[in-house]
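Peer 1: The structure is given below, and queries will be raised subsequently.
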Amino acid sequence: QKEVEQNSGPLSVPEGAIASLNCTYSDRGSQSFFWYRQYSGKSPELIMSIYSNGDKEDGRFTAQLNKASQYVSLLIRDSQPSDSATYLCAVKGGGGSNYKLTFGKGTLLTVNP
Amino acid sequence: GAVVSQHPSRVICKSGTSVKIECRSLDFQATTMFWYRQFPKQSLMLMATSNEGSKATYEQGVEKDKFLINHASLTLSTLTVTSAHPEDSSFYICSARVASGIVGNEQFFGPGTRLTVL
């Protein structure tokens, strides 16, 4: 069974700091990796996607992927109170054609003013 | 771009009634749509994968006769919760996969429908 593991948190950081969110996955054949942000009572919003090893930067967000270690992370620089949310790591498996995503349980991030 | 809408956003119904939820891709064609359910403080659980013009594929443990899915066009999928019971109360979220273009394989989520069964 494919699994995606995340620390549930809560992760608390001061405003302006770097928040580091981590995720591991069990399916070595996984090809696509995503980070979603979900505010309380709302649906997930795609923040980043990453497909190859290394870093991918988009504004204050950097996704890092290490397929050998089956590890993907999200760094948020200059954290803002508005970044406070649950961050979901999602992985698309390597096989099949139905593009199913497996989600982690999410990490609750709190950015303190 | 890649906007997904859901209707209704919130519904309260009596036990035993049926509820239909619509999911639309507004500015793109979605050959595949997904239906998720999320209970409080839990992650998203995939219920079924919906492909335009064919029968939906349900995840293990999801009753296909209770959760009817129709994906009649490239922009519309519907989920009908039949004979709803209080334990069906949850946050139902659809997503659509962008089949082509720059974005690639990402799934974009609708705003969700909060169902409360009394």
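Starting from 1 in every chain, residues are counted up; chains themselves are A, B, ... following the order of the structure tokens, and ligands are numbered from 1 as listed.
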Please extract the residues of stretch 36-86 of chain B with a backbone DSSP assignment of strand (DSSP E) and present them as an MDAnalysis selection string.
Peer 2: chainID B and resid 36:38 45:51 57:58 67:73 76:81
Peer 1: With a distance cut-off of 12 Å and only C-alpha atoms, select the neighbouring residues of stretch 45-59 of chain A, excluding the residue or stretch itself and same-chain residues fewer than 4 positions from it, and output the selection as a PyMOL selection string.
Peer 2: (chain A and resi 29-40+63-79+83+85-94) or (chain B and resi 2-4+93+95+103-112)
Peer 1: Could you give me, as CSV, every chain A residue with an atom at most 7 Å from chain B, plus its closest atom pair and distance in Å to one decimal, counting only C-alpha atoms, rows ordered by chain then number?
Peer 2:
```
residue,atom,partner,partner_atom,distance
A:Lys42,CA,B:Pro111,CA,6.4
A:Ser43,CA,B:Pro111,CA,5.2
A:Pro44,CA,B:Phe109,CA,6.4
A:Glu45,CA,B:Phe109,CA,6.9
A:Leu46,CA,B:Phe108,CA,6.9
A:Phe103,CA,B:Leu44,CA,6.6
A:Gly104,CA,B:Ser43,CA,6.7
A:Lys105,CA,B:Ser43,CA,4.6
A:Gly106,CA,B:Ser43,CA,6.7
```
Peer 1: Pull C-alpha atoms from the residues just selected and write them as a compact mmCIF listing (two decimals), in the first residue's frame.
Peer 2:
```txt
# COMPACT_ATOMS: atom_id res chain seq x y z
CA LYS A 42 -11.41 25.30 2.60
CA SER A 43 -10.27 22.97 -0.15
CA PRO A 44 -6.59 22.41 -1.00
CA GLU A 45 -4.73 24.87 -3.16
CA LEU A 46 -1.78 23.75 -5.27
CA PHE A 103 -2.05 12.42 0.29
CA GLY A 104 -0.26 12.66 3.55
CA LYS A 105 -2.22 13.67 6.62
CA GLY A 106 -0.80 17.16 6.48
```
Peer 1: Quick one: everything within 6 Å of stretch 62-78 of chain B, counting only C-alpha atoms, minus sequence neighbours fewer than 3 positions away in the same chain. Send it as a list in words.
Peer 2: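 My reading of the contact set: Ile21, Glu22, Cys23, Arg24, Ser25, Gln29, Ala30, Thr31, Glu52, Gly53, Glu59, Val81 and Thr82 of chain B.
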Peer 1: Those same residues - C-alpha atoms - I'd like them written as an mmCIF file, in the first residue's frame.
Peer 2:
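Contents of selection.cif, freshly written:
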```cif
data_model
loop_
_atom_site.group_PDB
_atom_site.id
_atom_site.type_symbol
_atom_site.label_atom_id
_atom_site.label_comp_id
_atom_site.auth_asym_id
_atom_site.auth_seq_id
_atom_site.Cartn_x
_atom_site.Cartn_y
_atom_site.Cartn_z
ATOM 1 C CA ILE B 21 -23.137 17.665 -5.918
ATOM 2 C CA GLU B 22 -21.869 19.171 -9.164
ATOM 3 C CA CYS B 23 -18.248 19.688 -10.124
ATOM 4 C CA ARG B 24 -17.352 21.807 -13.131
ATOM 5 C CA SER B 25 -14.091 22.731 -14.787
ATOM 6 C CA GLN B 29 -11.495 20.314 -20.351
ATOM 7 C CA ALA B 30 -11.047 17.627 -17.740
ATOM 8 C CA THR B 31 -10.985 14.083 -18.985
ATOM 9 C CA GLU B 52 -15.688 11.259 -19.127
ATOM 10 C CA GLY B 53 -17.973 8.863 -20.907
ATOM 11 C CA GLU B 59 -11.733 2.977 -4.191
ATOM 12 C CA VAL B 81 -25.127 10.610 -2.197
ATOM 13 C CA THR B 82 -28.153 8.339 -2.069
#
```
Peer 1: Can you pull out the residues contacting A:Ser12? Cut-off 7 Å, using only C-alpha atoms, and skip same-chain residues under 3 positions away; I want them as a PyMOL selection string.
Peer 2: chain A and resi 109-111
